[in-house]
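Below is the file protein34.cif, which contains mmCIF, C-alpha atoms and all ligand atoms.
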data_upload
#
loop_
_atom_site.label_atom_id
_atom_site.label_comp_id
_atom_site.auth_asym_id
_atom_site.auth_seq_id
_atom_site.Cartn_x
_atom_site.Cartn_y
_atom_site.Cartn_z
CA MET A 209 -11.00 12.18 14.49
CA THR A 210 -11.82 15.56 12.92
CA SER A 211 -15.17 17.22 12.33
CA LYS A 212 -14.79 16.64 8.58
CA LEU A 213 -17.09 14.31 6.69
CA ILE A 214 -15.42 11.54 4.68
CA LYS A 215 -16.66 13.16 1.47
CA ASP A 216 -14.60 16.26 2.33
CA TYR A 217 -11.47 14.22 1.54
CA PHE A 218 -12.61 13.42 -1.99
CA ARG A 219 -12.81 15.31 -5.27
CA THR A 220 -16.48 14.64 -5.76
CA ASP A 221 -16.37 16.16 -9.26
CA LYS A 222 -14.10 13.23 -10.25
CA LEU A 223 -16.64 10.65 -9.07
CA PRO A 224 -18.09 8.14 -9.85
CA HIS A 225 -14.86 6.19 -9.91
CA ILE A 226 -13.88 3.81 -12.71
CA TRP A 227 -13.48 0.69 -10.55
CA CYS A 228 -15.60 -2.36 -11.40
CA PRO A 229 -18.54 -3.27 -9.16
CA GLY A 230 -17.18 -5.25 -6.21
CA CYS A 231 -13.57 -4.12 -6.63
CA GLY A 232 -11.82 -3.96 -3.25
CA HIS A 233 -9.83 -0.83 -4.07
CA GLY A 234 -12.58 1.56 -2.94
CA ILE A 235 -12.52 0.04 0.55
CA MET A 236 -8.74 0.38 0.61
CA MET A 237 -8.97 4.04 -0.38
CA ARG A 238 -11.57 4.69 2.33
CA SER A 239 -9.27 3.05 4.91
CA VAL A 240 -6.44 5.41 3.93
CA VAL A 241 -8.70 8.45 4.25
CA GLN A 242 -10.10 7.19 7.57
CA ALA A 243 -6.55 6.86 8.94
CA ILE A 244 -5.75 10.44 7.85
CA ASP A 245 -8.96 11.66 9.48
CA ASN A 246 -8.28 9.73 12.70
CA LEU A 247 -4.86 11.37 12.92
CA GLY A 248 -6.40 14.82 12.31
CA LEU A 249 -3.86 15.64 9.60
CA ASP A 250 -4.18 18.92 7.73
CA LYS A 251 -5.22 18.11 4.14
CA ASP A 252 -2.73 20.65 2.80
CA LYS A 253 0.12 18.93 4.64
CA VAL A 254 -0.57 15.53 3.05
CA CYS A 255 0.81 14.46 -0.33
CA VAL A 256 -0.55 11.28 -1.92
CA VAL A 257 1.61 9.81 -4.69
CA SER A 258 0.62 6.88 -6.89
CA GLY A 259 2.00 4.97 -9.87
CA ILE A 260 -0.16 3.44 -12.60
CA GLY A 261 -2.82 0.77 -12.25
CA CYS A 262 -6.42 0.48 -11.06
CA SER A 263 -5.10 0.98 -7.51
CA SER A 264 -3.12 4.03 -8.51
CA ARG A 265 -6.28 5.78 -9.71
CA ALA A 266 -7.01 6.49 -6.03
CA SER A 267 -4.81 9.59 -5.99
CA GLY A 268 -7.06 11.22 -8.58
CA TYR A 269 -10.10 10.89 -6.35
CA MET A 270 -8.47 12.03 -3.09
CA ASP A 271 -8.48 15.73 -2.27
CA PHE A 272 -4.92 16.26 -1.03
CA ASN A 273 -1.74 17.36 -2.78
CA THR A 274 -1.56 14.48 -5.25
CA LEU A 275 0.74 13.09 -7.91
CA HIS A 276 -0.33 10.38 -10.33
CA THR A 277 3.04 9.36 -11.74
CA THR A 278 4.40 6.64 -14.05
CA HIS A 279 4.19 2.87 -13.64
CA GLY A 280 6.45 1.65 -10.82
CA ARG A 281 7.90 5.07 -10.07
CA ALA A 282 5.64 6.35 -7.28
CA LEU A 283 8.36 5.86 -4.66
CA ALA A 284 10.96 7.67 -6.75
CA PHE A 285 8.65 10.71 -7.08
CA ALA A 286 7.66 10.45 -3.41
CA THR A 287 11.33 10.42 -2.36
CA GLY A 288 11.84 13.66 -4.28
CA VAL A 289 8.78 15.25 -2.66
CA LYS A 290 9.87 14.17 0.82
CA LEU A 291 13.41 15.49 0.40
CA ALA A 292 12.19 18.82 -0.97
CA ARG A 293 9.34 19.22 1.54
CA PRO A 294 10.14 17.04 4.59
CA GLU A 295 7.29 18.63 6.58
CA LEU A 296 4.71 16.97 4.30
CA GLU A 297 3.17 13.63 5.24
CA VAL A 298 3.94 11.63 2.09
CA ILE A 299 1.71 8.64 1.38
CA VAL A 300 2.22 6.32 -1.58
CA ILE A 301 -0.64 4.27 -3.03
CA THR A 302 0.54 1.49 -5.31
CA GLY A 303 -0.50 -1.90 -6.70
CA ASP A 304 1.21 -5.28 -6.38
CA GLY A 305 2.54 -4.92 -9.93
CA ASP A 306 3.41 -1.25 -9.58
CA CYS A 307 5.24 -1.82 -6.30
CA ALA A 308 6.79 -5.28 -6.51
CA ALA A 309 7.36 -5.87 -10.26
CA ILE A 310 8.38 -2.75 -12.24
CA GLY A 311 8.76 -0.74 -9.00
CA GLY A 312 10.57 -3.45 -7.01
CA ASN A 313 13.93 -1.68 -7.02
CA HIS A 314 12.44 1.60 -5.85
CA LEU A 315 10.68 -0.28 -3.06
CA ILE A 316 13.80 -1.94 -1.64
CA HIS A 317 15.86 1.23 -1.82
CA ALA A 318 13.19 3.42 -0.19
CA ALA A 319 12.98 0.78 2.56
CA ARG A 320 16.78 0.64 2.89
CA ARG A 321 16.91 4.42 3.38
CA ASN A 322 14.15 4.37 5.98
CA ILE A 323 12.73 7.53 4.44
CA ASN A 324 9.60 8.77 6.20
CA ILE A 325 7.04 7.68 3.59
CA THR A 326 4.03 5.45 4.18
CA THR A 327 3.36 3.05 1.33
CA ILE A 328 0.03 1.31 1.04
CA VAL A 329 -0.06 -1.58 -1.43
CA PHE A 330 -3.49 -2.41 -2.84
CA ASN A 331 -2.63 -6.05 -3.52
CA ASN A 332 -5.21 -7.82 -5.69
CA ASN A 333 -2.76 -10.55 -6.78
CA ILE A 334 -2.91 -9.54 -10.45
CA TYR A 335 -2.43 -6.71 -12.96
CA GLY A 336 -6.00 -5.46 -12.97
CA MET A 337 -5.73 -2.43 -15.23
CA THR A 338 -4.10 -4.21 -18.17
CA GLY A 339 -6.35 -7.26 -18.25
CA GLY A 340 -5.25 -9.86 -15.72
CA GLN A 341 -1.56 -10.65 -16.27
CA TYR A 342 0.01 -12.50 -13.33
CA SER A 343 1.94 -10.36 -10.86
CA PRO A 344 4.65 -11.02 -8.26
CA THR A 345 1.92 -11.81 -5.72
CA THR A 346 -0.16 -14.18 -7.85
CA PRO A 347 -0.06 -17.42 -5.84
CA LYS A 348 1.79 -20.37 -7.35
CA ASN A 349 -0.38 -22.55 -9.62
CA GLU A 350 -3.03 -19.84 -10.07
CA TYR A 351 -3.97 -18.32 -13.42
CA GLY A 352 -3.56 -15.06 -15.27
CA THR A 353 -3.82 -14.10 -18.95
CA THR A 354 -0.03 -14.56 -19.12
CA ALA A 355 -0.18 -17.81 -17.14
CA PRO A 356 -2.93 -19.76 -18.96
CA TYR A 357 -1.53 -23.08 -17.67
CA GLY A 358 -0.82 -21.84 -14.14
CA ASN A 359 1.82 -19.59 -12.61
CA ILE A 360 5.06 -21.37 -11.65
CA ASP A 361 6.68 -18.37 -9.92
CA LYS A 362 6.83 -18.30 -6.13
CA SER A 363 4.97 -15.19 -4.90
CA PHE A 364 6.49 -12.33 -2.91
CA ASP A 365 5.55 -11.64 0.70
CA ILE A 366 5.72 -7.84 0.26
CA PRO A 367 5.81 -6.82 3.97
CA ALA A 368 8.60 -9.38 4.57
CA LEU A 369 10.50 -8.09 1.54
CA ALA A 370 10.20 -4.49 2.79
CA ALA A 371 11.21 -5.45 6.34
CA ALA A 372 14.26 -7.36 5.09
CA ALA A 373 15.27 -4.33 3.00
CA GLY A 374 15.07 -2.03 6.05
CA ALA A 375 11.48 -0.73 6.42
CA THR A 376 10.85 0.07 10.08
CA TYR A 377 7.08 -0.51 10.03
CA THR A 378 5.37 -3.33 8.17
CA ALA A 379 1.84 -4.68 8.38
CA ARG A 380 -0.91 -6.42 6.42
CA GLY A 381 -4.67 -5.98 6.44
CA THR A 382 -7.50 -6.81 4.05
CA ALA A 383 -10.48 -5.20 2.34
CA TYR A 384 -12.70 -7.32 4.59
CA HIS A 385 -10.98 -6.11 7.80
CA ALA A 386 -11.31 -2.44 6.81
CA LYS A 387 -11.30 -0.96 10.33
CA GLN A 388 -8.16 -2.83 11.29
CA LEU A 389 -6.57 -1.81 7.98
CA SER A 390 -7.15 1.86 8.79
CA LYS A 391 -5.55 1.41 12.22
CA LEU A 392 -2.51 -0.22 10.62
CA ILE A 393 -2.23 2.65 8.14
CA GLU A 394 -2.56 5.11 11.03
CA ASN A 395 0.33 3.41 12.86
CA GLY A 396 2.33 3.36 9.63
CA ILE A 397 1.87 7.12 9.21
CA LYS A 398 2.87 7.65 12.85
CA ASN A 399 6.13 5.74 12.34
CA LYS A 400 9.00 8.11 11.60
CA GLY A 401 10.60 6.05 8.85
CA PHE A 402 9.63 3.88 5.92
CA SER A 403 6.32 2.12 6.52
CA LEU A 404 4.69 -0.45 4.30
CA VAL A 405 1.11 -1.59 4.80
CA GLU A 406 -0.15 -4.25 2.43
CA GLY A 407 -3.91 -4.34 1.98
CA ILE A 408 -5.22 -7.52 0.40
CA SER A 409 -7.80 -6.29 -2.08
CA ILE A 410 -10.08 -8.19 -4.45
CA CYS A 411 -10.27 -8.06 -8.24
CA PRO A 412 -13.44 -9.98 -9.11
CA THR A 413 -13.13 -9.05 -12.79
CA TYR A 414 -9.77 -10.66 -13.57
CA TYR A 415 -8.23 -12.52 -10.63
CA GLY A 416 -11.63 -13.75 -9.47
CA ARG A 417 -12.86 -14.91 -12.88
CA LYS A 418 -9.53 -16.42 -14.01
CA ASN A 419 -9.27 -18.41 -10.81
CA LYS A 420 -12.95 -19.30 -10.35
CA LYS A 421 -13.14 -17.56 -6.99
CA GLY A 422 -16.92 -17.10 -7.20
CA SER A 423 -18.86 -13.96 -6.41
CA VAL A 424 -17.64 -10.80 -4.71
CA VAL A 425 -19.25 -12.06 -1.50
CA ASP A 426 -17.37 -15.37 -1.89
CA MET A 427 -14.09 -13.50 -2.31
CA MET A 428 -14.74 -11.33 0.75
CA THR A 429 -15.76 -14.40 2.76
CA TRP A 430 -12.50 -16.06 1.73
CA LEU A 431 -10.59 -13.09 3.18
CA LYS A 432 -12.58 -13.34 6.40
CA ASP A 433 -11.99 -17.08 6.75
CA ASN A 434 -8.34 -17.23 5.73
CA ALA A 435 -6.75 -14.24 7.46
CA VAL A 436 -5.30 -14.94 10.90
CA ASP A 437 -4.09 -12.14 13.14
CA VAL A 438 -0.38 -12.52 13.81
CA LYS A 439 -0.92 -12.23 17.59
CA VAL A 440 -3.60 -14.93 17.54
CA ALA A 441 -1.43 -17.13 15.29
CA GLU A 442 1.38 -17.12 17.88
CA LYS A 443 -0.91 -18.98 20.30
CA LEU A 444 -2.38 -21.43 17.79
CA PRO A 445 -0.99 -24.87 16.89
CA ALA A 446 0.78 -24.84 13.49
CA GLU A 447 -1.92 -26.95 11.81
CA LYS A 448 -4.58 -24.30 12.54
CA VAL A 449 -2.54 -21.66 10.70
CA ALA A 450 -1.35 -23.85 7.80
CA GLY A 451 -2.63 -22.60 4.44
CA LYS A 452 -3.87 -19.30 5.93
CA PHE A 453 -2.24 -15.88 5.74
CA LEU A 454 -1.24 -13.48 8.49
CA ILE A 455 -2.59 -9.99 9.09
CA GLY A 456 -1.64 -7.37 11.69
CA GLU A 457 1.56 -5.60 12.61
CA PHE A 458 4.79 -7.44 11.76
CA LYS A 459 7.53 -4.90 12.49
CA ASN A 460 7.61 -1.61 14.42
CA ALA A 461 11.16 -0.40 15.01
CA THR A 462 12.97 2.90 15.48
CA GLU A 463 15.97 3.74 13.32
CA PRO A 464 17.52 6.95 11.93
CA GLU A 465 15.27 8.56 9.31
CA TYR A 466 16.69 9.54 5.92
CA THR A 467 15.60 13.18 5.53
CA GLU A 468 16.86 13.96 9.05
CA GLU A 469 20.21 12.35 8.29
CA TYR A 470 20.34 14.32 5.05
CA MET A 471 19.63 17.61 6.88
CA LYS A 472 22.46 16.83 9.30
CA ILE A 473 24.91 16.73 6.39
CA ILE A 474 23.64 20.10 5.14
CA GLU A 475 23.95 21.64 8.62
CA ARG A 476 27.45 20.22 9.07
CA PHE A 477 28.53 21.56 5.70
CA GLN A 478 27.10 25.02 6.48
CA LYS A 479 29.00 25.14 9.81
CA GLU A 480 32.27 24.06 8.20
CA ARG A 481 32.02 26.60 5.35
C1 LIG A 501 6.38 1.45 -18.23
C2 LIG A 501 5.03 0.83 -18.30
N1 LIG A 501 4.93 -0.50 -18.47
C3 LIG A 501 3.72 -1.09 -18.50
C4 LIG A 501 2.60 -0.33 -18.36
C5 LIG A 501 1.25 -1.00 -18.43
N2 LIG A 501 0.62 -1.15 -17.12
C6 LIG A 501 -0.24 -0.23 -16.65
S1 LIG A 501 -0.90 -0.65 -15.18
C7 LIG A 501 -0.02 -2.12 -15.18
C8 LIG A 501 -0.16 -3.14 -14.09
C9 LIG A 501 -0.91 -2.66 -12.90
O1 LIG A 501 -0.99 -3.68 -11.94
P1 LIG A 501 -1.01 -3.34 -10.42
O2 LIG A 501 0.08 -2.42 -10.07
O3 LIG A 501 -1.05 -4.61 -9.66
O4 LIG A 501 -2.35 -2.49 -10.24
P2 LIG A 501 -3.88 -2.97 -10.37
O5 LIG A 501 -4.32 -2.49 -11.71
O6 LIG A 501 -3.93 -4.44 -10.24
O7 LIG A 501 -4.57 -2.29 -9.24
C10 LIG A 501 0.77 -2.24 -16.32
C11 LIG A 501 1.63 -3.39 -16.63
C12 LIG A 501 2.73 1.05 -18.17
N3 LIG A 501 1.68 1.85 -17.98
N4 LIG A 501 3.97 1.61 -18.14
S1 LIG A 502 -10.03 -4.75 -13.15
FE1 LIG A 502 -9.95 -5.59 -11.08
S2 LIG A 502 -8.66 -4.18 -9.90
FE2 LIG A 502 -9.31 -3.11 -11.79
S3 LIG A 502 -11.16 -1.98 -11.19
FE3 LIG A 502 -11.82 -3.95 -12.04
S4 LIG A 502 -12.02 -5.30 -10.23
FE4 LIG A 502 -10.78 -3.53 -9.61
MG MG A 503 -2.72 -5.54 -8.89
#

Re-express the file's structure as C-alpha cells.
Amino acid sequence: MTSKLIKDYFRTDKLPHIWCPGCGHGIMMRSVVQAIDNLGLDKDKVCVVSGIGCSSRASGYMDFNTLHTTHGRALAFATGVKLARPELEVIVITGDGDCAAIGGNHLIHAARRNINITTIVFNNNIYGMTGGQYSPTTPKNEYGTTAPYGNIDKSFDIPALAAAAGATYTARGTAYHAKQLSKLIENGIKNKGFSLVEGISICPTYYGRKNKKGSVVDMMTWLKDNAVDVKVAEKLPAEKVAGKFLIGEFKNATEPEYTEEYMKIIERFQKER
C-alpha cells in the first residue's frame, strides 16, 4: 500500500465517466487500481492498454501510461509495448467481446507465448457499448439484440481458454467480490508470464434488461449467491456447486517468459557476431 489516495490514480479532469448508473465496470476499474496501489508500483512504470467497448473506456480515466487502441487489438498493441519496453508493467483491460470474439486470436497467442502481460477481462456477458449484441460469454438460451429468440452458442470459459492456450496465471472474481478481485489482479501482476483475470461485471442496461435480471441490487445479489470459491467447491458435494460458477485462482505456474527468451536470442546473436 502506498501513501497515495485512490483519486491520485485517476485523470479527474476526464470524470465523470460515461458508464450507466449501476454498471459494474467502475468497480472493476477500482479493483485494478487498488491492486496497483497494494503492490506500490510506480505510476510511470505502468502501461494500461485497452481495446474498444464500455470496459475499454477505463484506460482513458486511469492516470498511467495508457493506450486506447482498436477493437480486439489491445493484446497486439500490448505485446509491442512489452517487447519494446520490457521494464514496464503492462496491464490490458478488455471486454468479453473485445477479448474473446474479435480479439480471440490475439488472446490465445499472447497466452501461448507466456508474455509478461496481465489481462483483466471486464466480462458483462454482452456487447454493452454497441447496444446489447450477444457475446462469446452470453450464456446459452439467454437473449441479446442479435439473439431475440435466445442464444444457441455454448459460452466460453475465458480463464480455461487462456490456461489451455498457455497462460501461467488464471483467475476469476466478480464486481460483488471486489476485494478478492483486487487480490487476484495483484497476484496476476506478480506472475512473471501471461496472466488472465476475468472479472464478472454487470450490465444492467442491456444484459440485465434483455434477460429480465431485475435491479442492479438483484444482479449484484445474484453474483453473491452464485459464485463459489474454487477452494470451497473442492470440499462441497457436486449438487451444491451445480449451476453455480467458480471464482478464485485456477492456475499459478512458472514457465519461461517471452521477452526474456527474446532477449536471450539477441544476446546470443551479439556474442556470435
Ligand atoms: C473492428 C470493429 N468492429 C466492431 C466495432 C464495434 N464495437 C465497438 S465496441 C464492441 C463490442 C464491445 O463489447 P465488449 O468488448 O464486451 O465490451 P463492453 O462494451 O461490453 O464492455 C463492438 C462490436 C468496432 N469498434 N471495431
Ligand atoms: S451499456 Fe452496460 S456495460 Fe456499457 S456502461 Fe451501460 S451498463 Fe455498463
Ligand atoms: Mg461486454

Subject >> Separation of atom CA of Met270 of chain A from atom CA of Ala371 of chain A in Å >> reply: 28.0 Å

With a cut-off of 7 Å, could you pull out the residues of chain A touching ligand LIG 501 (chain A) and give me the nearest pair of atoms for each, distance in Å to one decimal, using only C-alpha atoms and all ligand atoms, ordered by chain and ascending number, as a tab-separated table?
residue	atom	partner	partner_atom	distance
A:Ile260	CA	A:LIG501	S1	4.9
A:Gly261	CA	A:LIG501	O5	3.6
A:Cys262	CA	A:LIG501	O5	3.7
A:Ser263	CA	A:LIG501	O7	3.7
A:Ser264	CA	A:LIG501	O7	6.5
A:Thr278	CA	A:LIG501	N4	6.5
A:His279	CA	A:LIG501	N4	4.7
A:Thr302	CA	A:LIG501	O2	6.2
A:Gly303	CA	A:LIG501	O2	3.5
A:Asp304	CA	A:LIG501	O3	4.0
A:Gly305	CA	A:LIG501	O2	3.5
A:Asp306	CA	A:LIG501	O2	3.6
A:Cys307	CA	A:LIG501	O2	6.4
A:Phe330	CA	A:LIG501	O7	6.5
A:Asn331	CA	A:LIG501	O3	6.5
A:Asn332	CA	A:LIG501	O6	5.8
A:Asn333	CA	A:LIG501	O3	6.8
A:Ile334	CA	A:LIG501	O6	5.2
A:Tyr335	CA	A:LIG501	O1	3.5
A:Gly336	CA	A:LIG501	O6	3.6
A:Met337	CA	A:LIG501	O5	3.8
A:Thr338	CA	A:LIG501	C7	5.5
A:Ser343	CA	A:LIG501	O3	6.6

Contacts of chain A with ligand LIG 502 (chain A) up to 6 Å, shortest pair per row, all atoms listed in the file, as a Markdown table:
| residue | atom | partner | partner_atom | distance |
| --- | --- | --- | --- | --- |
| A:Trp227 | CA | A:LIG502 | S3 | 3.6 |
| A:Cys228 | CA | A:LIG502 | FE3 | 4.2 |
| A:Cys231 | CA | A:LIG502 | S4 | 4.1 |
| A:Cys262 | CA | A:LIG502 | FE2 | 4.7 |
| A:Gly336 | CA | A:LIG502 | S1 | 4.1 |
| A:Met337 | CA | A:LIG502 | FE2 | 5.0 |
| A:Cys411 | CA | A:LIG502 | FE1 | 3.8 |
| A:Pro412 | CA | A:LIG502 | S4 | 5.0 |
| A:Thr413 | CA | A:LIG502 | S4 | 4.7 |
| A:Tyr414 | CA | A:LIG502 | FE1 | 5.7 |

**OP:** Please measure the separation of atom CA of Lys387 of chain A and atom CA of Met236 of chain A, giving the value in Å to one decimal.
**Re:** 10.1 Å

Subject >> Top pick for closest residue to ligand MG 503 (chain A), considering A:Phe402, A:Tyr384, A:Phe285, A:Tyr415 and counting only C-alpha atoms and all ligand atoms >> reply: A:Tyr415

**OP:** Name the closest residue to ligand MG 503 (chain A) among the candidates A:Arg265, A:Lys432, A:Lys479, A:Arg238; distances are taken between atoms, counting only C-alpha atoms and all ligand atoms.
**Re:** A:Arg265

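Note that atom CA of Gly259 of chain A and atom CA of Glu468 of chain A are 25.7 Å apart.
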
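Using only C-alpha atoms, the shortest contact distance between Asn313 of chain A and any of A:Ala373, A:Gly416, A:Glu475, A:Ile301 is found at A:Ala373.
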
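The closest residue to Gly396 of chain A, picked from A:Lys222, A:Lys443, A:Arg380, A:Lys290 and counting all atoms listed in the file, is A:Arg380.
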
Original post:
With distances taken over all atoms listed in the file, which of A:Thr376, A:Asn324, A:Ser409, A:Gln388 is nearest to ligand MG 503 (chain A)?
Top reply: A:Ser409

**OP:** Between A:Val440, A:Ile410, A:Ala446, A:Ile455, single out the one closest to ligand MG 503 (chain A), counting all atoms listed in the file.
**Re:** A:Ile410
